[in-house]
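Engineer: Contents of work_8.tsv (TSV, C-alpha atoms):
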```
chain	number	residue	atom	x	y	z
A	1	ALA	CA	-5.54	5.46	-19.02
A	2	ARG	CA	-3.39	2.34	-18.94
A	3	VAL	CA	-6.30	0.26	-17.66
A	4	GLU	CA	-8.57	1.52	-20.44
A	5	ARG	CA	-5.93	0.79	-23.10
A	6	LEU	CA	-5.35	-2.73	-21.80
A	7	GLU	CA	-9.09	-3.42	-21.53
A	8	GLU	CA	-9.44	-2.53	-25.21
A	9	VAL	CA	-6.50	-4.76	-26.17
A	10	VAL	CA	-8.02	-7.67	-24.21
A	11	ARG	CA	-11.41	-7.13	-25.84
A	12	GLN	CA	-9.74	-7.47	-29.23
A	13	ASN	CA	-7.47	-10.36	-28.19
A	14	PRO	CA	-9.23	-12.21	-25.35
A	15	ARG	CA	-6.76	-15.11	-25.44
A	16	ASP	CA	-3.60	-13.00	-25.17
A	17	VAL	CA	-2.16	-14.21	-21.86
A	18	THR	CA	0.47	-11.48	-21.64
A	19	GLN	CA	-2.13	-8.74	-21.95
A	20	LEU	CA	-4.44	-10.44	-19.45
A	21	GLN	CA	-1.56	-10.54	-16.97
A	22	ALA	CA	-0.79	-6.89	-17.61
A	23	LEU	CA	-4.43	-5.91	-17.15
A	24	GLY	CA	-4.65	-7.81	-13.86
A	25	GLY	CA	-1.60	-5.98	-12.58
A	26	ALA	CA	-2.92	-2.64	-13.80
A	27	TYR	CA	-6.19	-3.16	-11.93
A	28	VAL	CA	-4.28	-3.74	-8.67
A	29	GLN	CA	-2.07	-0.70	-9.27
A	30	SER	CA	-5.10	1.43	-10.06
A	31	VAL	CA	-6.60	0.70	-6.63
A	32	ALA	CA	-3.28	1.59	-4.98
A	33	ALA	CA	-3.40	4.93	-6.80
A	34	GLY	CA	-6.88	5.68	-5.44
A	35	GLY	CA	-9.10	3.72	-7.81
A	36	ASP	CA	-12.23	1.73	-6.99
A	37	VAL	CA	-11.40	-1.18	-4.70
A	38	ALA	CA	-13.91	-3.32	-6.66
A	39	LEU	CA	-11.21	-3.57	-9.34
A	40	TYR	CA	-9.67	-6.33	-7.20
A	41	ASN	CA	-12.51	-8.57	-8.36
A	42	ASP	CA	-11.83	-7.63	-11.98
A	43	ALA	CA	-8.15	-8.44	-11.45
A	44	GLU	CA	-9.05	-11.85	-10.04
A	45	ALA	CA	-11.26	-12.60	-13.05
A	46	VAL	CA	-8.70	-11.75	-15.73
A	47	LEU	CA	-5.91	-13.58	-13.88
A	48	GLU	CA	-8.09	-16.68	-13.60
A	49	ARG	CA	-8.62	-16.47	-17.35
A	50	ALA	CA	-4.87	-16.17	-17.89
A	51	GLU	CA	-4.31	-19.21	-15.67
A	52	GLU	CA	-6.86	-21.22	-17.66
A	53	LEU	CA	-5.16	-20.32	-20.95
A	54	ALA	CA	-1.61	-20.94	-19.71
A	55	PRO	CA	-1.61	-23.03	-16.52
A	56	GLY	CA	1.38	-22.46	-14.27
A	57	ASP	CA	2.71	-19.38	-16.04
A	58	PRO	CA	5.02	-17.71	-13.47
A	59	ARG	CA	3.96	-14.20	-14.50
A	60	THR	CA	0.34	-15.03	-13.67
A	61	THR	CA	1.48	-16.49	-10.34
A	62	VAL	CA	3.41	-13.34	-9.44
A	63	THR	CA	0.53	-11.04	-10.35
A	64	GLN	CA	-1.86	-13.19	-8.32
A	65	GLY	CA	0.60	-12.75	-5.48
A	66	TYR	CA	0.38	-8.96	-5.75
A	67	LEU	CA	-3.42	-9.24	-5.71
A	68	ALA	CA	-3.29	-11.44	-2.60
A	69	LEU	CA	-1.06	-8.87	-0.88
A	70	ALA	CA	-3.49	-6.09	-1.76
A	71	ARG	CA	-6.32	-8.14	-0.26
A	72	HIS	CA	-4.26	-8.81	2.90
A	73	ASP	CA	-4.26	-12.56	2.18
A	74	PHE	CA	-0.63	-12.82	3.21
A	75	GLY	CA	-0.48	-16.60	3.57
A	76	ARG	CA	-1.65	-17.09	-0.01
A	77	ALA	CA	0.66	-14.31	-1.21
A	78	ARG	CA	3.66	-16.01	0.37
A	79	GLY	CA	2.76	-19.35	-1.18
A	80	LEU	CA	2.42	-17.78	-4.63
A	81	GLY	CA	5.67	-15.84	-4.19
A	82	ILE	CA	7.65	-18.91	-3.15
A	83	GLU	CA	6.15	-20.86	-6.06
A	84	ALA	CA	7.25	-18.15	-8.50
A	85	VAL	CA	10.72	-17.89	-6.95
A	86	ALA	CA	11.12	-21.67	-7.27
A	87	ALA	CA	10.28	-21.35	-10.98
A	88	ASP	CA	12.77	-18.48	-11.43
A	89	PRO	CA	15.10	-17.52	-8.53
A	90	PHE	CA	16.08	-14.36	-10.44
A	91	ASP	CA	12.53	-12.99	-10.71
A	92	ALA	CA	12.69	-9.75	-8.73
A	93	ASP	CA	8.91	-9.33	-8.71
A	94	ALA	CA	8.44	-12.80	-7.25
A	95	LEU	CA	10.99	-11.98	-4.56
A	96	ALA	CA	9.19	-8.70	-3.80
A	97	VAL	CA	5.89	-10.52	-3.27
A	98	THR	CA	7.58	-13.07	-1.02
A	99	VAL	CA	9.36	-10.44	1.08
A	100	ASP	CA	6.19	-8.38	1.56
A	101	ALA	CA	4.16	-11.39	2.61
A	102	GLU	CA	6.79	-12.64	5.05
A	103	VAL	CA	7.13	-9.21	6.67
A	104	GLU	CA	3.35	-9.02	7.17
A	105	LEU	CA	3.32	-12.55	8.61
A	106	GLY	CA	6.12	-11.67	11.04
A	107	LEU	CA	8.57	-14.08	9.39
A	108	TYR	CA	11.37	-11.55	9.56
A	109	GLY	CA	14.24	-13.99	9.22
A	110	ASP	CA	12.80	-15.48	6.04
A	111	ALA	CA	12.01	-11.98	4.77
A	112	ALA	CA	15.62	-10.88	5.34
A	113	GLN	CA	16.94	-13.86	3.37
A	114	HIS	CA	14.63	-13.27	0.44
A	115	LEU	CA	15.34	-9.54	0.59
A	116	GLN	CA	19.06	-10.22	0.23
A	117	GLN	CA	18.27	-12.29	-2.87
A	118	PHE	CA	16.17	-9.37	-4.11
A	119	LEU	CA	19.04	-6.92	-3.55
A	120	ASP	CA	21.44	-9.25	-5.36
A	121	VAL	CA	19.09	-9.63	-8.34
A	122	ARG	CA	17.88	-6.03	-8.69
A	123	PRO	CA	19.41	-3.46	-6.30
A	124	GLY	CA	16.96	-0.67	-7.07
A	125	LEU	CA	14.22	1.38	-5.48
A	126	PRO	CA	11.78	-1.50	-4.71
A	127	ALA	CA	14.46	-3.50	-2.89
A	128	TYR	CA	15.94	-0.56	-0.97
A	129	SER	CA	12.54	0.70	0.16
A	130	ARG	CA	11.76	-2.75	1.58
A	131	LEU	CA	15.18	-2.82	3.24
A	132	SER	CA	14.36	0.48	4.93
A	133	TYR	CA	11.06	-0.84	6.28
A	134	LEU	CA	12.64	-4.04	7.62
A	135	ARG	CA	15.37	-2.02	9.33
A	136	GLU	CA	12.79	0.32	10.86
A	137	LEU	CA	10.87	-2.66	12.22
A	138	HIS	CA	14.07	-3.78	13.95
A	139	GLY	CA	14.67	-0.32	15.43
A	140	ASP	CA	17.54	0.55	13.10
A	141	VAL	CA	16.36	4.06	12.24
A	142	LEU	CA	19.74	5.23	10.92
A	143	GLY	CA	19.92	2.16	8.68
A	144	ALA	CA	16.37	2.81	7.50
A	145	ARG	CA	17.28	6.37	6.53
A	146	GLN	CA	20.37	5.15	4.67
A	147	ALA	CA	18.30	2.61	2.73
A	148	PHE	CA	15.74	5.28	1.84
A	149	ALA	CA	18.55	7.48	0.52
A	150	GLN	CA	19.69	4.56	-1.66
A	151	ALA	CA	16.11	4.02	-2.81
A	152	GLU	CA	15.76	7.67	-3.71
A	153	ALA	CA	19.04	7.61	-5.67
A	154	ALA	CA	17.68	4.64	-7.62
A	155	GLY	CA	14.29	6.27	-8.33
A	156	SER	CA	13.28	6.19	-11.96
A	157	SER	CA	10.06	8.20	-11.99
A	158	ARG	CA	8.53	11.20	-10.28
A	159	TYR	CA	5.80	8.96	-8.82
A	160	ASP	CA	8.44	6.66	-7.27
A	161	LEU	CA	10.37	9.61	-5.86
A	162	ALA	CA	7.17	11.08	-4.38
A	163	SER	CA	6.32	7.75	-2.76
A	164	ILE	CA	9.78	7.51	-1.20
A	165	ALA	CA	9.57	11.12	0.04
A	166	VAL	CA	6.24	10.38	1.77
A	167	LEU	CA	7.69	7.27	3.41
A	168	ARG	CA	10.72	9.22	4.58
A	169	GLY	CA	8.36	11.84	6.00
A	170	LYS	CA	6.46	9.20	7.94
A	171	LEU	CA	9.70	7.74	9.29
A	172	ALA	CA	10.69	11.21	10.52
A	173	LEU	CA	7.25	11.68	12.07
A	174	ASN	CA	7.59	8.42	13.97
A	175	GLN	CA	10.87	9.74	15.40
A	176	GLY	CA	9.30	13.09	16.35
A	177	ASP	CA	11.34	15.10	13.86
A	178	LEU	CA	8.64	17.45	12.54
A	179	ASP	CA	10.94	19.68	10.49
A	180	GLU	CA	12.44	16.75	8.62
A	181	ALA	CA	8.98	15.25	8.07
A	182	ASP	CA	7.71	18.56	6.72
A	183	ALA	CA	10.66	18.83	4.33
A	184	HIS	CA	10.15	15.34	2.90
A	185	LEU	CA	6.39	15.87	2.44
A	186	ASP	CA	7.07	19.17	0.66
A	187	ARG	CA	9.48	17.36	-1.66
A	188	ALA	CA	6.80	14.77	-2.41
A	189	ARG	CA	4.46	17.57	-3.51
A	190	GLY	CA	7.21	18.84	-5.79
A	191	PHE	CA	7.31	15.53	-7.65
A	192	VAL	CA	3.55	14.98	-8.15
A	193	ASP	CA	0.41	16.95	-7.35
A	194	GLU	CA	-1.28	14.46	-5.03
A	195	PRO	CA	1.23	11.97	-3.58
A	196	ALA	CA	-0.48	9.06	-1.85
A	197	GLY	CA	-0.38	9.38	1.93
A	198	ALA	CA	0.84	12.97	1.97
A	199	GLU	CA	-2.34	14.47	3.44
A	200	ALA	CA	-2.22	12.29	6.55
A	201	GLY	CA	1.45	13.12	7.09
A	202	GLU	CA	0.89	16.84	6.66
A	203	ALA	CA	-2.06	16.76	9.04
A	204	ARG	CA	-0.03	14.91	11.66
A	205	VAL	CA	2.72	17.54	11.42
A	206	LEU	CA	0.22	20.38	11.89
A	207	ALA	CA	-1.53	18.66	14.79
A	208	ALA	CA	1.78	17.96	16.51
A	209	ARG	CA	2.63	21.65	16.19
A	210	GLY	CA	-0.68	22.63	17.79
A	211	ASP	CA	-2.57	23.61	14.64
A	212	ARG	CA	-5.43	21.18	15.02
A	213	THR	CA	-7.77	23.36	12.94
A	214	GLY	CA	-5.39	23.29	9.98
A	215	ALA	CA	-4.97	19.53	10.32
A	216	VAL	CA	-8.74	18.97	10.36
A	217	THR	CA	-9.18	21.16	7.26
A	218	ILE	CA	-6.64	19.06	5.30
A	219	LEU	CA	-8.27	15.81	6.40
A	220	GLU	CA	-11.84	16.93	5.72
A	221	THR	CA	-10.84	17.84	2.16
A	222	ALA	CA	-9.08	14.51	1.71
A	223	VAL	CA	-12.06	12.53	3.02
A	224	ALA	CA	-14.38	14.42	0.68
A	225	GLU	CA	-12.18	13.99	-2.39
A	226	ARG	CA	-9.96	10.93	-1.85
A	227	PRO	CA	-11.19	9.01	1.21
A	228	THR	CA	-8.83	6.47	2.76
A	229	ALA	CA	-9.00	4.75	6.11
A	230	GLU	CA	-5.80	6.50	7.22
A	231	VAL	CA	-7.15	10.02	6.76
A	232	ALA	CA	-10.64	9.19	8.06
A	233	ILE	CA	-9.30	7.59	11.24
A	234	LEU	CA	-7.00	10.51	11.93
A	235	LEU	CA	-9.84	12.96	11.26
A	236	GLY	CA	-12.05	11.17	13.77
A	237	ASP	CA	-9.27	11.27	16.37
A	238	LEU	CA	-8.72	15.01	15.99
A	239	LEU	CA	-12.43	15.85	15.94
A	240	ARG	CA	-12.91	13.99	19.23
A	241	LEU	CA	-10.06	15.94	20.78
A	242	ASP	CA	-11.99	19.08	19.80
A	243	GLY	CA	-15.17	17.70	21.39
A	244	ARG	CA	-16.91	17.39	18.01
A	245	ASP	CA	-18.24	13.89	18.64
A	246	ALA	CA	-21.02	13.95	16.02
A	247	ALA	CA	-18.58	14.94	13.26
A	248	ALA	CA	-16.14	12.30	14.54
A	249	GLU	CA	-18.84	9.63	14.22
A	250	ARG	CA	-19.35	10.64	10.59
A	251	ALA	CA	-15.64	10.16	9.97
A	252	ASP	CA	-15.85	6.75	11.65
A	253	THR	CA	-18.71	5.82	9.33
A	254	VAL	CA	-16.42	6.51	6.38
A	255	VAL	CA	-13.89	4.04	7.83
A	256	ARG	CA	-16.52	1.33	8.23
A	257	ASP	CA	-17.90	1.98	4.73
A	258	LEU	CA	-14.43	1.65	3.24
A	259	ALA	CA	-13.91	-1.60	5.16
A	260	ARG	CA	-17.23	-2.91	3.83
A	261	ASP	CA	-16.16	-2.11	0.27
A	262	GLU	CA	-12.80	-3.82	0.77
A	263	ARG	CA	-14.49	-6.94	2.12
A	264	ALA	CA	-16.76	-7.01	-0.93
A	265	ALA	CA	-13.61	-6.91	-3.05
A	266	GLY	CA	-12.19	-9.94	-1.23
A	267	ALA	CA	-9.90	-8.11	1.20
A	268	ASP	CA	-9.39	-9.16	4.82
A	269	VAL	CA	-9.38	-6.01	6.96
A	270	SER	CA	-10.34	-7.69	10.25
A	271	MET	CA	-7.08	-6.92	12.03
A	272	GLU	CA	-7.09	-3.23	11.11
A	273	LEU	CA	-10.78	-2.82	11.86
A	274	SER	CA	-10.51	-4.62	15.22
A	275	LEU	CA	-7.90	-2.10	16.36
A	276	PHE	CA	-10.07	0.74	15.08
A	277	GLU	CA	-13.13	-0.49	17.02
A	278	ALA	CA	-11.07	-1.03	20.17
A	279	ASP	CA	-9.82	2.57	19.92
A	280	ARG	CA	-13.47	3.65	19.67
A	281	ASP	CA	-14.35	1.87	22.94
A	282	LYS	CA	-16.34	-0.83	21.15
A	283	PRO	CA	-14.90	-4.00	22.69
A	284	ALA	CA	-17.55	-6.45	21.47
A	285	PRO	CA	-17.10	-5.86	17.72
A	286	ALA	CA	-13.34	-5.52	18.24
A	287	LEU	CA	-13.17	-8.94	19.90
A	288	ALA	CA	-15.40	-10.51	17.26
A	289	LEU	CA	-13.19	-9.11	14.49
```
How does the structure come out when it is put into structure tokens?

Structural biologist:
Amino acid sequence: ARVERLEEVVRQNPRDVTQLQALGGAYVQSVAAGGDVALYNDAEAVLERAEELAPGDPRTTVTQGYLALARHDFGRARGLGIEAVAADPFDADALAVTVDAEVELGLYGDAAQHLQQFLDVRPGLPAYSRLSYLRELHGDVLGARQAFAQAEAAGSSRYDLASIAVLRGKLALNQGDLDEADAHLDRARGFVDEPAGAEAGEARVLAARGDRTGAVTILETAVAERPTAEVAILLGDLLRLDGRDAAAERADTVVRDLARDERAAGADVSMELSLFEADRDKPAPALAL
């Protein structure tokens, strides 16, 4: 609905830089919420128009950084983030882009420094959730849980709270705590009807408890209604464990189709797809990727 409203505003005022920036950001957010990945190309187009109308506007730079992150172009995202931070060291969004890019590039020291700036500028849910992830990457699980609790306390919307609950569920899953994972995923469902990532977490809990049939049922529904690489890969894994190789191949086809669509939208999924192909005993395409 927000995308449609902003598209109408831009049609009426095609030189309104602020609305072009907002539309570009809304396109990226729409994909994250399950929208068509081709919207990345639409985001690129409107942000290029905004840049032409107001060269060097920091808000355009930051939004281009979010788009680069979504496309897995982490080097470009970091450059855009640092450029925006240089223009305004108190821009929390610019710091968020920079932190995300540096984490993905393995520049953890730089990410920690920029994250501290982020926490100083705006100590809310976005900063605390990133703090949790960085702590988890360093093996500080207790610290990650504490940061998630701070993020949850700072949550301002049901969507944000659902997202944090799903992430807390995945953290618990990674530590083998199925009851805690289940509780967090249930809480996510209490905030919104279809929290992103919940199906994969719920299926992993069921499979770990021995209910592979229930896990497959959840994943098959998700692939049919809201296909993501995460659920399709997990579905293929479980189907192979059941000896259902033909059905597993169909799930794998979904993964490759999604990767093709992301590439067409300018995303670099080579790293993720290379691991996927290696797991499927396809060394040649894995090595090429």

Engineer: Record the distance separating CA of Arg2 (chain A) and CA of Asp88 (chain A), expressed in Å with one decimal.

Structural biologist: 27.4 Å

Engineer: Can you work out which one of A:Arg59, A:Arg130, A:Arg244, A:Arg189 has the shortest atom-to-atom distance to Asp93 (chain A), counting all atoms listed in the file?

Structural biologist: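 Ranked by minimum distance to Asp93 (chain A), first place goes to A:Arg59.
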
Engineer: Between CA of Leu171 (chain A) and CA of Gly201 (chain A), what is the distance in Å, rounded to a tenth?

Structural biologist: 10.1 Å

Engineer: Ranking A:Ala267, A:Ala247, A:Leu6, A:Leu125 by minimum distance to Ala38 (chain A) and counting all atoms listed in the file, which one comes first?

Structural biologist: A:Ala267

Engineer: For CA of Ala112 (chain A) and CA of Val99 (chain A), determine how far apart the two atoms are, in Å to one decimal place.

Structural biologist: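 A separation of 7.6 Å between them.
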
Engineer: Could you pull out every residue with an atom within 8 Å of (11.4, 9.8, -2.4), file coordinates, counting only C-alpha atoms, and send them as a PDB file with C-alpha atoms, in the coordinates of the input?

Structural biologist:
```
ATOM      1  CA  PHE A 148      15.740   5.280   1.840  1.00  0.00           C
ATOM      2  CA  ALA A 151      16.110   4.020  -2.810  1.00  0.00           C
ATOM      3  CA  GLU A 152      15.760   7.670  -3.710  1.00  0.00           C
ATOM      4  CA  GLY A 155      14.290   6.270  -8.330  1.00  0.00           C
ATOM      5  CA  ASP A 160       8.440   6.660  -7.270  1.00  0.00           C
ATOM      6  CA  LEU A 161      10.370   9.610  -5.860  1.00  0.00           C
ATOM      7  CA  ALA A 162       7.170  11.080  -4.380  1.00  0.00           C
ATOM      8  CA  SER A 163       6.320   7.750  -2.760  1.00  0.00           C
ATOM      9  CA  ILE A 164       9.780   7.510  -1.200  1.00  0.00           C
ATOM     10  CA  ALA A 165       9.570  11.120   0.040  1.00  0.00           C
ATOM     11  CA  VAL A 166       6.240  10.380   1.770  1.00  0.00           C
ATOM     12  CA  LEU A 167       7.690   7.270   3.410  1.00  0.00           C
ATOM     13  CA  ARG A 168      10.720   9.220   4.580  1.00  0.00           C
ATOM     14  CA  HIS A 184      10.150  15.340   2.900  1.00  0.00           C
ATOM     15  CA  ARG A 187       9.480  17.360  -1.660  1.00  0.00           C
ATOM     16  CA  ALA A 188       6.800  14.770  -2.410  1.00  0.00           C
TER      17      ALA A 188
END
```

Engineer: With all atoms listed in the file as the basis for distance, which of A:Glu52, A:Glu277, A:Tyr159, A:Val205 is at the shortest distance from Gly190 (chain A)?

Structural biologist: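 Looking only at the distances to Gly190 (chain A), the closest residue turns out to be A:Tyr159.
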
Engineer: Smallest atom-to-atom distance to Thr63 (chain A): which of A:Ile233, A:Leu137, A:Ala149, A:Leu95, using only C-alpha atoms?

Structural biologist: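 Selected residue with least distance to Thr63 (chain A): A:Leu95.
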
Engineer: Using only C-alpha atoms, pick whichever of A:Glu102, A:Glu202, A:Asp279, A:Glu194 has the shortest atom-to-atom distance to Leu178 (chain A).

Structural biologist: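 Smallest distance to Leu178 (chain A) is found for A:Glu202.
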
Engineer: Once you count all atoms listed in the file, which residues end up no further than 12 Å from (13.6, -10.9, 4.9) in the file's frame, shown as a VMD selection string?

Structural biologist: chain A and resid 95 to 119 127 130 to 135 137 to 138

Engineer: If you count all atoms listed in the file, which residues fall within 10 Å of region 40-49 of chain A, apart from same-chain ones fewer than 4 positions away, as JSON, numbers by chain?

Structural biologist: {"A": [10, 14, 15, 16, 17, 19, 20, 21, 22, 23, 24, 25, 26, 27, 28, 29, 30, 31, 36, 53, 54, 55, 59, 60, 61, 63, 64, 67, 68, 70, 71, 262, 264, 265, 266, 267]}

Engineer: Find the residues around Glu180 (chain A) up to 10 Å (all atoms listed in the file counted), leave out those fewer than 4 positions away in its own chain, and share them as number ranges by chain.

Structural biologist: A: 168-173, 175-176, 184-186

Engineer: Taking only C-alpha atoms into account, name the residue in A:Leu206, A:Ala198, A:Leu235, A:Ala33 that is nearest to Leu219 (chain A).

Structural biologist: A:Leu235

Engineer: Output region 111-121 of chain A with all heavy atoms present, as a CSV table (one decimal), in the coordinates of the input.

Structural biologist:
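Output below, filename result-v5.csv:
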```
chain,number,residue,atom,x,y,z
A,111,ALA,N,12.1,-13.2,5.6
A,111,ALA,CA,12.0,-12.0,4.8
A,111,ALA,C,13.4,-11.4,4.5
A,111,ALA,O,13.7,-11.0,3.4
A,111,ALA,CB,11.1,-10.9,5.5
A,112,ALA,N,14.3,-11.4,5.5
A,112,ALA,CA,15.6,-10.9,5.3
A,112,ALA,C,16.4,-11.7,4.3
A,112,ALA,O,17.1,-11.1,3.5
A,112,ALA,CB,16.3,-10.9,6.7
A,113,GLN,N,16.2,-13.0,4.3
A,113,GLN,CA,16.9,-13.9,3.4
A,113,GLN,C,16.5,-13.6,2.0
A,113,GLN,O,17.3,-13.4,1.0
A,113,GLN,CB,16.7,-15.3,3.7
A,113,GLN,CG,17.5,-15.8,5.0
A,113,GLN,CD,17.3,-17.2,5.3
A,113,GLN,OE1,16.8,-18.0,4.5
A,113,GLN,NE2,17.6,-17.6,6.6
A,114,HIS,N,15.2,-13.5,1.8
A,114,HIS,CA,14.6,-13.3,0.4
A,114,HIS,C,14.9,-11.8,0.0
A,114,HIS,O,15.1,-11.6,-1.2
A,114,HIS,CB,13.1,-13.5,0.4
A,114,HIS,CG,12.8,-15.0,0.4
A,114,HIS,ND1,12.0,-15.6,1.3
A,114,HIS,CD2,13.1,-15.9,-0.6
A,114,HIS,CE1,11.9,-16.9,1.0
A,114,HIS,NE2,12.5,-17.1,-0.1
A,115,LEU,N,15.0,-10.9,0.9
A,115,LEU,CA,15.3,-9.5,0.6
A,115,LEU,C,16.8,-9.4,0.1
A,115,LEU,O,17.1,-8.7,-0.8
A,115,LEU,CB,15.1,-8.6,1.8
A,115,LEU,CG,15.5,-7.1,1.6
A,115,LEU,CD1,14.7,-6.6,0.4
A,115,LEU,CD2,15.1,-6.3,2.8
A,116,GLN,N,17.7,-10.2,0.7
A,116,GLN,CA,19.1,-10.2,0.2
A,116,GLN,C,19.1,-10.8,-1.2
A,116,GLN,O,19.9,-10.2,-2.0
A,116,GLN,CB,19.9,-11.1,1.2
A,116,GLN,CG,21.4,-11.0,0.8
A,116,GLN,CD,21.9,-9.5,0.8
A,116,GLN,OE1,21.9,-8.9,1.9
A,116,GLN,NE2,22.4,-9.0,-0.3
A,117,GLN,N,18.3,-11.8,-1.5
A,117,GLN,CA,18.3,-12.3,-2.9
A,117,GLN,C,17.8,-11.2,-3.8
A,117,GLN,O,18.3,-11.0,-4.9
A,117,GLN,CB,17.3,-13.5,-3.0
A,117,GLN,CG,17.8,-14.8,-2.4
A,117,GLN,CD,16.8,-15.9,-2.6
A,117,GLN,OE1,16.2,-16.4,-1.6
A,117,GLN,NE2,16.6,-16.3,-3.8
A,118,PHE,N,16.8,-10.5,-3.3
A,118,PHE,CA,16.2,-9.4,-4.1
A,118,PHE,C,17.2,-8.3,-4.4
A,118,PHE,O,17.4,-7.8,-5.5
A,118,PHE,CB,15.0,-8.8,-3.3
A,118,PHE,CG,14.1,-7.8,-4.1
A,118,PHE,CD1,14.3,-7.6,-5.4
A,118,PHE,CD2,13.1,-7.2,-3.4
A,118,PHE,CE1,13.5,-6.7,-6.1
A,118,PHE,CE2,12.2,-6.3,-4.1
A,118,PHE,CZ,12.4,-6.0,-5.4
A,119,LEU,N,18.0,-7.9,-3.4
A,119,LEU,CA,19.0,-6.9,-3.6
A,119,LEU,C,20.1,-7.4,-4.5
A,119,LEU,O,20.7,-6.6,-5.3
A,119,LEU,CB,19.7,-6.6,-2.2
A,119,LEU,CG,18.8,-5.7,-1.3
A,119,LEU,CD1,19.3,-5.8,0.2
A,119,LEU,CD2,18.8,-4.3,-1.7
A,120,ASP,N,20.4,-8.7,-4.5
A,120,ASP,CA,21.4,-9.2,-5.4
A,120,ASP,C,21.0,-9.2,-6.8
A,120,ASP,O,21.7,-9.0,-7.7
A,120,ASP,CB,21.8,-10.7,-5.0
A,120,ASP,CG,22.5,-10.8,-3.6
A,120,ASP,OD1,23.1,-9.7,-3.2
A,120,ASP,OD2,22.5,-11.9,-3.0
A,121,VAL,N,19.7,-9.5,-7.0
A,121,VAL,CA,19.1,-9.6,-8.3
A,121,VAL,C,18.9,-8.3,-9.0
A,121,VAL,O,19.2,-8.0,-10.1
A,121,VAL,CB,17.8,-10.4,-8.3
A,121,VAL,CG1,17.0,-10.3,-9.6
A,121,VAL,CG2,18.1,-11.9,-8.0
```
